[in-house]
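Engineer: Below is the file start.cif, with mmCIF, C-alpha atoms.
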data_query
#
loop_
_atom_site.group_PDB
_atom_site.id
_atom_site.type_symbol
_atom_site.label_atom_id
_atom_site.label_comp_id
_atom_site.auth_asym_id
_atom_site.auth_seq_id
_atom_site.Cartn_x
_atom_site.Cartn_y
_atom_site.Cartn_z
ATOM 1 C CA GLY A 1 2.692 7.615 0.027
ATOM 2 C CA ARG A 2 6.218 6.150 0.283
ATOM 3 C CA THR A 3 8.178 9.159 1.568
ATOM 4 C CA GLU A 4 9.441 8.827 5.127
ATOM 5 C CA LEU A 5 8.271 11.629 7.426
ATOM 6 C CA PRO A 6 10.931 13.544 9.370
ATOM 7 C CA GLU A 7 11.081 12.927 13.118
ATOM 8 C CA ASN A 8 9.925 16.421 14.100
ATOM 9 C CA LEU A 9 6.804 15.934 11.957
ATOM 10 C CA LYS A 10 6.141 12.427 13.270
ATOM 11 C CA ALA A 11 5.893 13.844 16.790
ATOM 12 C CA LEU A 12 2.805 15.837 15.775
ATOM 13 C CA PHE A 13 0.830 12.736 14.799
ATOM 14 C CA ARG A 14 -0.516 9.742 16.676
ATOM 15 C CA SER A 15 0.907 6.356 15.701
ATOM 16 C CA VAL A 16 -1.511 3.864 14.150
ATOM 17 C CA ALA A 17 -0.913 0.126 13.838
ATOM 18 C CA MET A 18 -1.452 -1.220 10.316
ATOM 19 C CA VAL A 19 -1.777 -4.801 9.112
ATOM 20 C CA VAL A 20 0.217 -5.857 6.053
ATOM 21 C CA PRO A 21 -2.251 -7.063 3.393
ATOM 22 C CA ASP A 22 -2.230 -10.775 2.591
ATOM 23 C CA LEU A 23 -1.003 -10.594 -0.994
ATOM 24 C CA ARG A 24 -1.496 -14.292 -1.643
ATOM 25 C CA PHE A 25 -5.156 -14.183 -0.617
ATOM 26 C CA ILE A 26 -5.785 -11.012 -2.643
ATOM 27 C CA CYS A 27 -3.955 -12.455 -5.631
ATOM 28 C CA GLU A 28 -5.915 -15.725 -5.437
ATOM 29 C CA ASN A 29 -9.263 -13.924 -5.421
ATOM 30 C CA MET A 30 -8.282 -11.621 -8.284
ATOM 31 C CA LEU A 31 -7.117 -14.579 -10.371
ATOM 32 C CA MET A 32 -10.440 -16.314 -9.778
ATOM 33 C CA SER A 33 -12.304 -13.146 -10.772
ATOM 34 C CA GLU A 34 -10.258 -13.049 -13.999
ATOM 35 C CA GLY A 35 -11.336 -16.605 -14.862
ATOM 36 C CA PHE A 36 -8.333 -18.665 -13.696
ATOM 37 C CA ILE A 37 -9.176 -22.162 -12.436
ATOM 38 C CA LEU A 38 -5.777 -22.884 -10.808
ATOM 39 C CA ALA A 39 -5.957 -19.680 -8.791
ATOM 40 C CA ARG A 40 -4.417 -20.957 -5.538
ATOM 41 C CA PRO A 41 -1.143 -22.485 -6.843
ATOM 42 C CA LEU A 42 -0.696 -19.642 -9.335
ATOM 43 C CA ALA A 43 -1.218 -17.036 -6.592
ATOM 44 C CA HIS A 44 1.478 -18.760 -4.517
ATOM 45 C CA LYS A 45 3.936 -18.612 -7.447
ATOM 46 C CA PHE A 46 3.039 -14.988 -8.148
ATOM 47 C CA VAL A 47 3.604 -13.803 -4.580
ATOM 48 C CA THR A 48 6.762 -15.919 -4.238
ATOM 49 C CA LEU A 49 8.242 -14.327 -7.363
ATOM 50 C CA TYR A 50 7.570 -10.780 -6.177
ATOM 51 C CA SER A 51 8.878 -11.539 -2.686
ATOM 52 C CA LEU A 52 12.116 -12.969 -4.078
ATOM 53 C CA CYS A 53 12.494 -10.079 -6.523
ATOM 54 C CA LYS A 54 12.149 -7.631 -3.655
ATOM 55 C CA GLU A 55 14.913 -9.431 -1.739
ATOM 56 C CA LEU A 56 17.338 -10.368 -4.527
ATOM 57 C CA CYS A 57 17.082 -7.554 -7.063
ATOM 58 C CA SER A 58 18.882 -4.264 -6.580
ATOM 59 C CA LYS A 59 17.107 -1.333 -4.970
ATOM 60 C CA GLN A 60 15.762 0.911 -7.721
ATOM 61 C CA MET A 61 13.423 3.877 -7.377
ATOM 62 C CA HIS A 62 11.155 2.606 -10.158
ATOM 63 C CA TYR A 63 10.813 -0.949 -8.831
ATOM 64 C CA ASP A 64 7.430 -1.730 -7.285
ATOM 65 C CA TRP A 65 6.750 -5.210 -5.927
ATOM 66 C CA GLY A 66 3.731 -4.242 -3.823
ATOM 67 C CA LEU A 67 -0.030 -4.508 -4.091
ATOM 68 C CA ARG A 68 -0.289 -1.740 -6.694
ATOM 69 C CA ALA A 69 1.939 -3.650 -9.119
ATOM 70 C CA VAL A 70 0.187 -6.943 -8.353
ATOM 71 C CA LYS A 71 -3.248 -5.580 -9.237
ATOM 72 C CA SER A 72 -2.193 -3.985 -12.520
ATOM 73 C CA LEU A 73 -0.356 -7.114 -13.675
ATOM 74 C CA LEU A 74 -3.226 -9.429 -12.731
ATOM 75 C CA ARG A 75 -5.541 -7.376 -14.930
ATOM 76 C CA GLN A 76 -3.171 -7.930 -17.845
ATOM 77 C CA ALA A 77 -2.966 -11.647 -17.033
ATOM 78 C CA GLY A 78 -6.768 -11.727 -17.193
ATOM 79 C CA THR A 79 -6.656 -10.050 -20.610
ATOM 80 C CA LEU A 80 -4.241 -12.728 -21.887
ATOM 81 C CA LYS A 81 -6.447 -15.433 -20.374
ATOM 82 C CA ARG A 82 -9.512 -14.153 -22.232
ATOM 83 C CA LYS A 83 -7.561 -14.094 -25.506
ATOM 84 C CA GLU A 84 -6.636 -17.779 -25.025
ATOM 85 C CA PRO A 85 -9.422 -19.190 -22.801
ATOM 86 C CA ASP A 86 -8.640 -22.865 -23.491
ATOM 87 C CA SER A 87 -4.848 -22.738 -23.077
ATOM 88 C CA ASP A 88 -2.875 -23.933 -20.046
ATOM 89 C CA GLU A 89 -2.969 -21.327 -17.265
ATOM 90 C CA ASN A 90 0.662 -21.717 -16.149
ATOM 91 C CA PRO A 91 2.140 -20.416 -19.435
ATOM 92 C CA VAL A 92 -0.439 -17.604 -19.496
ATOM 93 C CA LEU A 93 0.606 -16.286 -16.079
ATOM 94 C CA CYS A 94 4.290 -16.942 -16.809
ATOM 95 C CA ARG A 95 4.039 -14.866 -20.000
ATOM 96 C CA ALA A 96 2.280 -12.023 -18.169
ATOM 97 C CA LEU A 97 4.865 -11.968 -15.363
ATOM 98 C CA ARG A 98 7.764 -12.014 -17.817
ATOM 99 C CA ASP A 99 6.552 -9.719 -20.595
ATOM 100 C CA PHE A 100 5.105 -6.965 -18.396
ATOM 101 C CA ASN A 101 8.022 -6.860 -15.950
ATOM 102 C CA VAL A 102 10.999 -7.187 -18.319
ATOM 103 C CA PRO A 103 10.750 -3.565 -19.622
ATOM 104 C CA LYS A 104 11.344 -2.161 -16.126
ATOM 105 C CA ILE A 105 14.114 -4.572 -15.030
ATOM 106 C CA THR A 106 17.650 -3.204 -15.214
ATOM 107 C CA THR A 107 20.326 -5.023 -17.210
ATOM 108 C CA GLN A 108 22.113 -6.149 -14.025
ATOM 109 C CA ASP A 109 18.935 -7.652 -12.537
ATOM 110 C CA MET A 110 17.678 -9.286 -15.736
ATOM 111 C CA PRO A 111 19.490 -12.660 -15.253
ATOM 112 C CA ILE A 112 18.184 -12.875 -11.673
ATOM 113 C CA PHE A 113 14.601 -12.161 -12.720
ATOM 114 C CA LEU A 114 14.605 -14.597 -15.643
ATOM 115 C CA ARG A 115 16.152 -17.335 -13.474
ATOM 116 C CA LEU A 116 13.428 -16.851 -10.845
ATOM 117 C CA ILE A 117 10.801 -17.203 -13.578
ATOM 118 C CA GLN A 118 12.444 -20.446 -14.749
ATOM 119 C CA ASP A 119 12.591 -21.832 -11.203
ATOM 120 C CA LEU A 120 8.927 -21.089 -10.468
ATOM 121 C CA PHE A 121 7.692 -22.279 -13.876
ATOM 122 C CA PRO A 122 10.083 -25.181 -14.691
ATOM 123 C CA GLY A 123 9.972 -26.362 -18.268
ATOM 124 C CA ILE A 124 7.648 -23.525 -19.294
ATOM 125 C CA SER A 125 8.939 -20.966 -21.770
ATOM 126 C CA PRO A 126 5.974 -19.450 -23.623
ATOM 127 C CA ALA A 127 6.629 -17.348 -26.684
ATOM 128 C CA PRO A 128 6.084 -13.619 -26.105
ATOM 129 C CA PHE A 129 2.650 -12.385 -27.103
ATOM 130 C CA LYS A 130 3.399 -10.453 -30.288
ATOM 131 C CA ASP A 131 1.431 -8.228 -32.611
ATOM 132 C CA PRO A 132 3.277 -8.697 -35.948
ATOM 133 C CA LYS A 133 1.095 -6.129 -37.706
ATOM 134 C CA PHE A 134 1.920 -3.373 -35.196
ATOM 135 C CA GLU A 135 5.598 -4.368 -35.157
ATOM 136 C CA ARG A 136 5.713 -3.925 -38.942
ATOM 137 C CA VAL A 137 4.126 -0.490 -38.536
ATOM 138 C CA CYS A 138 6.783 0.398 -35.943
ATOM 139 C CA SER A 139 9.540 -0.827 -38.244
ATOM 140 C CA ASP A 140 8.217 1.277 -41.151
ATOM 141 C CA VAL A 141 7.894 4.354 -38.917
ATOM 142 C CA VAL A 142 11.433 3.927 -37.578
ATOM 143 C CA LYS A 143 12.862 3.684 -41.108
ATOM 144 C CA ALA A 144 10.842 6.735 -42.185
ATOM 145 C CA ARG A 145 12.409 8.657 -39.290
ATOM 146 C CA GLY A 146 15.865 7.864 -40.656
ATOM 147 C CA LEU A 147 16.707 5.264 -38.000
ATOM 148 C CA GLN A 148 17.690 1.620 -38.162
ATOM 149 C CA ALA A 149 14.827 -0.782 -37.462
ATOM 150 C CA ASP A 150 16.910 -2.854 -35.047
ATOM 151 C CA PRO A 151 14.849 -5.702 -33.485
ATOM 152 C CA GLY A 152 15.967 -4.655 -30.006
ATOM 153 C CA PHE A 153 14.754 -1.107 -30.591
ATOM 154 C CA ILE A 154 11.386 -2.335 -31.914
ATOM 155 C CA VAL A 155 11.034 -4.436 -28.754
ATOM 156 C CA LYS A 156 11.605 -1.294 -26.666
ATOM 157 C CA VAL A 157 8.968 0.639 -28.620
ATOM 158 C CA VAL A 158 6.375 -2.135 -28.258
ATOM 159 C CA GLY A 159 7.377 -2.650 -24.605
ATOM 160 C CA LEU A 160 6.674 1.012 -23.870
ATOM 161 C CA LEU A 161 3.151 0.575 -25.241
ATOM 162 C CA ASP A 162 2.672 -2.508 -23.048
ATOM 163 C CA ILE A 163 3.730 -0.520 -19.986
ATOM 164 C CA LEU A 164 1.354 2.328 -20.851
ATOM 165 C CA ASN A 165 -1.479 -0.203 -21.183
ATOM 166 C CA VAL A 166 -0.755 -1.360 -17.624
ATOM 167 C CA ARG A 167 0.072 1.960 -15.942
ATOM 168 C CA HIS A 168 -1.341 5.461 -16.066
ATOM 169 C CA CYS A 169 2.170 6.834 -16.515
ATOM 170 C CA CYS A 170 5.776 5.707 -16.650
ATOM 171 C CA PHE A 171 9.330 7.048 -16.661
ATOM 172 C CA ILE A 172 11.813 6.302 -19.434
ATOM 173 C CA ILE A 173 15.215 6.147 -17.771
ATOM 174 C CA GLY A 174 18.707 5.328 -18.986
ATOM 175 C CA PRO A 175 22.105 6.840 -19.804
ATOM 176 C CA THR A 176 22.639 9.525 -22.416
ATOM 177 C CA GLY A 177 22.361 8.232 -25.975
ATOM 178 C CA CYS A 178 20.328 5.078 -25.229
ATOM 179 C CA ALA A 179 17.409 6.238 -27.447
ATOM 180 C CA LYS A 180 14.975 7.313 -24.723
ATOM 181 C CA THR A 181 13.556 10.176 -26.801
ATOM 182 C CA GLU A 182 13.498 8.220 -30.057
ATOM 183 C CA THR A 183 11.617 5.373 -28.355
ATOM 184 C CA TRP A 184 8.596 7.429 -27.332
ATOM 185 C CA LYS A 185 8.639 9.525 -30.499
ATOM 186 C CA SER A 186 8.654 6.379 -32.651
ATOM 187 C CA LEU A 187 5.770 4.951 -30.609
ATOM 188 C CA LEU A 188 3.850 8.215 -31.026
ATOM 189 C CA GLU A 189 4.227 8.121 -34.799
ATOM 190 C CA ALA A 190 3.371 4.404 -34.931
ATOM 191 C CA LEU A 191 0.125 5.000 -33.026
ATOM 192 C CA ARG A 192 -0.739 7.872 -35.342
ATOM 193 C CA ALA A 193 -0.029 5.583 -38.316
ATOM 194 C CA ILE A 194 -2.741 3.167 -37.117
ATOM 195 C CA LYS A 195 -5.147 6.085 -36.574
ATOM 196 C CA GLN A 196 -5.006 6.137 -32.767
ATOM 197 C CA ASP A 197 -5.378 9.521 -31.112
ATOM 198 C CA SER A 198 -1.942 10.442 -29.754
ATOM 199 C CA MET A 199 -0.391 13.696 -28.639
ATOM 200 C CA TRP A 200 2.477 14.946 -26.504
ATOM 201 C CA GLU A 201 3.249 18.009 -24.422
ATOM 202 C CA GLN A 202 6.650 19.118 -23.180
ATOM 203 C CA VAL A 203 6.956 20.501 -19.644
ATOM 204 C CA ASN A 204 10.102 21.439 -17.757
ATOM 205 C CA PRO A 205 9.302 20.668 -14.087
ATOM 206 C CA LYS A 206 12.253 22.782 -12.939
ATOM 207 C CA ALA A 207 10.815 25.902 -14.582
ATOM 208 C CA ILE A 208 7.694 25.993 -12.387
ATOM 209 C CA THR A 209 6.883 25.411 -8.725
ATOM 210 C CA SER A 210 5.390 22.194 -7.358
ATOM 211 C CA ASP A 211 2.003 23.891 -6.892
ATOM 212 C CA GLU A 212 2.045 25.068 -10.500
ATOM 213 C CA LEU A 213 2.981 21.566 -11.641
ATOM 214 C CA TYR A 214 0.525 19.475 -9.580
ATOM 215 C CA GLY A 215 -2.127 21.965 -8.461
ATOM 216 C CA THR A 216 -2.901 23.707 -5.180
ATOM 217 C CA MET A 217 -5.696 24.521 -2.757
ATOM 218 C CA SER A 218 -6.364 28.230 -2.245
ATOM 219 C CA LYS A 219 -7.106 29.832 1.138
ATOM 220 C CA SER A 220 -10.805 29.779 0.240
ATOM 221 C CA LYS A 221 -10.570 25.968 -0.209
ATOM 222 C CA GLU A 222 -10.873 26.158 -3.979
ATOM 223 C CA TRP A 223 -8.795 23.758 -6.037
ATOM 224 C CA LYS A 224 -6.666 25.127 -8.848
ATOM 225 C CA ASP A 225 -5.388 22.614 -11.398
ATOM 226 C CA GLY A 226 -1.685 22.413 -12.129
ATOM 227 C CA ALA A 227 0.055 21.950 -15.464
ATOM 228 C CA ILE A 228 -0.223 18.153 -15.401
ATOM 229 C CA ALA A 229 -3.973 18.189 -14.744
ATOM 230 C CA VAL A 230 -4.541 20.764 -17.507
ATOM 231 C CA ILE A 231 -2.544 18.698 -20.011
ATOM 232 C CA MET A 232 -4.276 15.431 -19.090
#
Render the structure in this file as structure tokens.
Structural biologist:
Amino acid sequence: GRTELPENLKALFRSVAMVVPDLRFICENMLMSEGFILARPLAHKFVTLYSLCKELCSKQMHYDWGLRAVKSLLRQAGTLKRKEPDSDENPVLCRALRDFNVPKITTQDMPIFLRLIQDLFPGISPAPFKDPKFERVCSDVVKARGLQADPGFIVKVVGLLDILNVRHCCFIIGPTGCAKTETWKSLLEALRAIKQDSMWEQVNPKAITSDELYGTMSKSKEWKDGAIAVIM
């Protein structure tokens, strides 16, 4: 969807005019459907934050400030709202915007993002929504794996679970030695410790072709699943 077509390929297609979706209007309606009363002002803050992040933050391949990200985050905001139906709606949305975006923000962009949150929600600094029971399980699993249960590492493990609850998939990126592998392995063991079905498969995408990885359509118009579809 986001890859730019080469010029020689563009010439084979007819140009079509598209209208940019009104994110504020969509956001307002989704907030109302999730049970928010102050949908209009909150939608304005939401769209303003994402617009400013798109302009001020660095350009990263994994950043997504579009409609897809808006919809997934609003669903999580609705989940937080239903957990605390009588609480003030500004801290609820502020917590959702902060907690579900922080795991994907790079270290260089983190001060910018947090300052934007403070400017749009002045005087509001809600405590992160924590699950102490699961964090203790993570800490025990990490120690059992022979690692140090550093609070920052536990936050990364729990943050990965939060991302997976929002998205169908995610990428764990970072320099060598920053505990990418240990993060997902610790989360896997923690989920198994609380009796949740969890499994993993290892695939080297460079060892097979794109058709073998994603799937392909045969000449007889029959679909053949790729490695990812078979694993899922």
Engineer: Just give me the gap between CA of Leu116 (chain A) and CA of Leu52 (chain A) in Å, one decimal is fine.
Structural biologist: 7.9 Å
Engineer: Name the residues that the PyMOL selection byres ((chain A and resi 153-157) around 7) picks from the file above, as number ranges by chain, using the file's chain letters and numbers.
Structural biologist: A: 135, 138-139, 149-152, 158-161, 183-184, 187
Engineer: Do you know which residues are at most 8 Å from Leu23 (chain A) counting all atoms listed in the file, after dropping those on the same chain fewer than 3 positions away, and could you put them as a PyMOL selection string?
Structural biologist: chain A and resi 26-27+47+67
Engineer: If you take all atoms listed in the file and a cut-off of 10 Å, which residues of region 145-204 of chain A touch region 74-86 of chain A, and what are their nearest atom pairs and distances in Å to one decimal, in chain and number order, as JSON lines?
Structural biologist:
{"residue": "A:Asp162", "atom": "CA", "partner": "A:Gln76", "partner_atom": "CA", "distance": 9.5}
{"residue": "A:Asn165", "atom": "CA", "partner": "A:Gln76", "partner_atom": "CA", "distance": 8.6}
{"residue": "A:Val166", "atom": "CA", "partner": "A:Gln76", "partner_atom": "CA", "distance": 7.0}
Engineer: Quick one: what's the axis-aligned box for region 147-152 of chain A, all listed atoms, 3 Å on every side, centre and edges in Å to one decimal, as AutoDock Vina command-line options?
Structural biologist:
--center_x 16.3 --center_y -0.2 --center_z -34.1 --size_x 8.9 --size_y 17.0 --size_z 14.2
Engineer: For Ser198 (chain A), work out the shell of residues within 7 Å, counting all atoms listed in the file and skipping chain neighbours fewer than 6 positions away, then give it as a PyMOL selection string.
Structural biologist: chain A and resi 188+191-192
Engineer: Would you mind exporting the chosen residues as a tab-separated table (two decimals), in the frame of the given file, restricted to C-alpha atoms?
Structural biologist:
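Saved result, part_34.tsv, follows:
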chain	number	residue	atom	x	y	z
A	188	LEU	CA	3.85	8.22	-31.03
A	191	LEU	CA	0.12	5.00	-33.03
A	192	ARG	CA	-0.74	7.87	-35.34
Engineer: What separation in Å, quoted to one decimal, exists between CA of Leu213 (chain A) and CA of Gly226 (chain A)?
Structural biologist: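 We find that CA of Leu213 (chain A) and CA of Gly226 (chain A) lie 4.8 Å from each other.
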Engineer: Just checking: using all atoms listed in the file, which residue out of A:Leu147, A:Val141, A:Cys57, A:Leu49 ends up closest to Ile117 (chain A)?
Structural biologist: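 Checking each candidate against Ile117 (chain A), we get A:Leu49 as the closest.
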Engineer: Here is a test: counting only C-alpha atoms, which residue of A:Leu56, A:Met30, A:Asp211, A:Glu7 is nearest to Arg115 (chain A)?
Structural biologist: A:Leu56
Engineer: So how many Å separate CA of Ala43 (chain A) and CA of Leu31 (chain A), to one decimal?
Structural biologist: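 That distance, rounded to one decimal, is 7.4 Å.
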Engineer: Pull out every residue that the PyMOL selection byres ((chain A and resi 103) around 8) matches in the shown coordinates and put them as an MDAnalysis selection string.
Structural biologist: chainID A and resid 99:102 104:105 156 159:160 163
Engineer: With C-alpha atoms retained, export the selected residues as an mmCIF file, keeping the file's coordinate frame.
Structural biologist:
data_model
loop_
_atom_site.group_PDB
_atom_site.id
_atom_site.type_symbol
_atom_site.label_atom_id
_atom_site.label_comp_id
_atom_site.auth_asym_id
_atom_site.auth_seq_id
_atom_site.Cartn_x
_atom_site.Cartn_y
_atom_site.Cartn_z
ATOM 1 C CA ASP A 99 6.552 -9.719 -20.595
ATOM 2 C CA PHE A 100 5.105 -6.965 -18.396
ATOM 3 C CA ASN A 101 8.022 -6.860 -15.950
ATOM 4 C CA VAL A 102 10.999 -7.187 -18.319
ATOM 5 C CA LYS A 104 11.344 -2.161 -16.126
ATOM 6 C CA ILE A 105 14.114 -4.572 -15.030
ATOM 7 C CA LYS A 156 11.605 -1.294 -26.666
ATOM 8 C CA GLY A 159 7.377 -2.650 -24.605
ATOM 9 C CA LEU A 160 6.674 1.012 -23.870
ATOM 10 C CA ILE A 163 3.730 -0.520 -19.986
#
Engineer: Need to verify the contact set: Pro205 (chain A), 10 Å, only C-alpha atoms, exclusion of same-chain residues closer than 3 positions in sequence. Can you return it as a list in words?
Structural biologist: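 The neighbour list is Gln202, Ile208, Thr209, Ser210, Glu212, Leu213, Tyr214, Ala227 and Ile228 of chain A.
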Engineer: Would you mind listing what lies within 12 Å of region 118-125 of chain A as a PDB file with C-alpha atoms, keeping the file's coordinate frame, with only C-alpha atoms counted and same-chain residues fewer than 6 positions away left out?
Structural biologist:
ATOM      1  CA  PRO A  41      -1.143 -22.485  -6.843  1.00  0.00           C
ATOM      2  CA  LEU A  42      -0.696 -19.642  -9.335  1.00  0.00           C
ATOM      3  CA  ALA A  43      -1.218 -17.036  -6.592  1.00  0.00           C
ATOM      4  CA  HIS A  44       1.478 -18.760  -4.517  1.00  0.00           C
ATOM      5  CA  LYS A  45       3.936 -18.612  -7.447  1.00  0.00           C
ATOM      6  CA  PHE A  46       3.039 -14.988  -8.148  1.00  0.00           C
ATOM      7  CA  VAL A  47       3.604 -13.803  -4.580  1.00  0.00           C
ATOM      8  CA  THR A  48       6.762 -15.919  -4.238  1.00  0.00           C
ATOM      9  CA  LEU A  49       8.242 -14.327  -7.363  1.00  0.00           C
ATOM     10  CA  TYR A  50       7.570 -10.780  -6.177  1.00  0.00           C
ATOM     11  CA  LEU A  52      12.116 -12.969  -4.078  1.00  0.00           C
ATOM     12  CA  ASP A  88      -2.875 -23.933 -20.046  1.00  0.00           C
ATOM     13  CA  GLU A  89      -2.969 -21.327 -17.265  1.00  0.00           C
ATOM     14  CA  ASN A  90       0.662 -21.717 -16.149  1.00  0.00           C
ATOM     15  CA  PRO A  91       2.140 -20.416 -19.435  1.00  0.00           C
ATOM     16  CA  VAL A  92      -0.439 -17.604 -19.496  1.00  0.00           C
ATOM     17  CA  LEU A  93       0.606 -16.286 -16.079  1.00  0.00           C
ATOM     18  CA  CYS A  94       4.290 -16.942 -16.809  1.00  0.00           C
ATOM     19  CA  ARG A  95       4.039 -14.866 -20.000  1.00  0.00           C
ATOM     20  CA  ALA A  96       2.280 -12.023 -18.169  1.00  0.00           C
ATOM     21  CA  LEU A  97       4.865 -11.968 -15.363  1.00  0.00           C
ATOM     22  CA  ARG A  98       7.764 -12.014 -17.817  1.00  0.00           C
ATOM     23  CA  ASP A  99       6.552  -9.719 -20.595  1.00  0.00           C
ATOM     24  CA  PRO A 111      19.490 -12.660 -15.253  1.00  0.00           C
ATOM     25  CA  ILE A 112      18.184 -12.875 -11.673  1.00  0.00           C
TER      26      ILE A 112
END
Engineer: A:Asn29, A:Thr176, A:Asp197, A:Arg167: which is nearest Ser72 (chain A), counting all atoms listed in the file?
Structural biologist: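 Checking each candidate against Ser72 (chain A), we get A:Arg167 as the closest.
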Engineer: With a distance cut-off of 10 Å and all atoms listed in the file, select the neighbouring residues of Asp140 (chain A), excluding the residue or stretch itself and same-chain residues fewer than 4 positions from it, and output the selection as a ChimeraX atom specification.
Structural biologist: /A:134-136,144-145,147-149,186,190,193
Engineer: Restricting the calculation to all atoms listed in the file: of A:Phe171, A:Val142, A:Val203, A:Lys219, which residue gets closest to His62 (chain A)?
Structural biologist: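 Ranking A:Phe171, A:Val142, A:Val203, A:Lys219 by distance to His62 (chain A), first place goes to A:Phe171.
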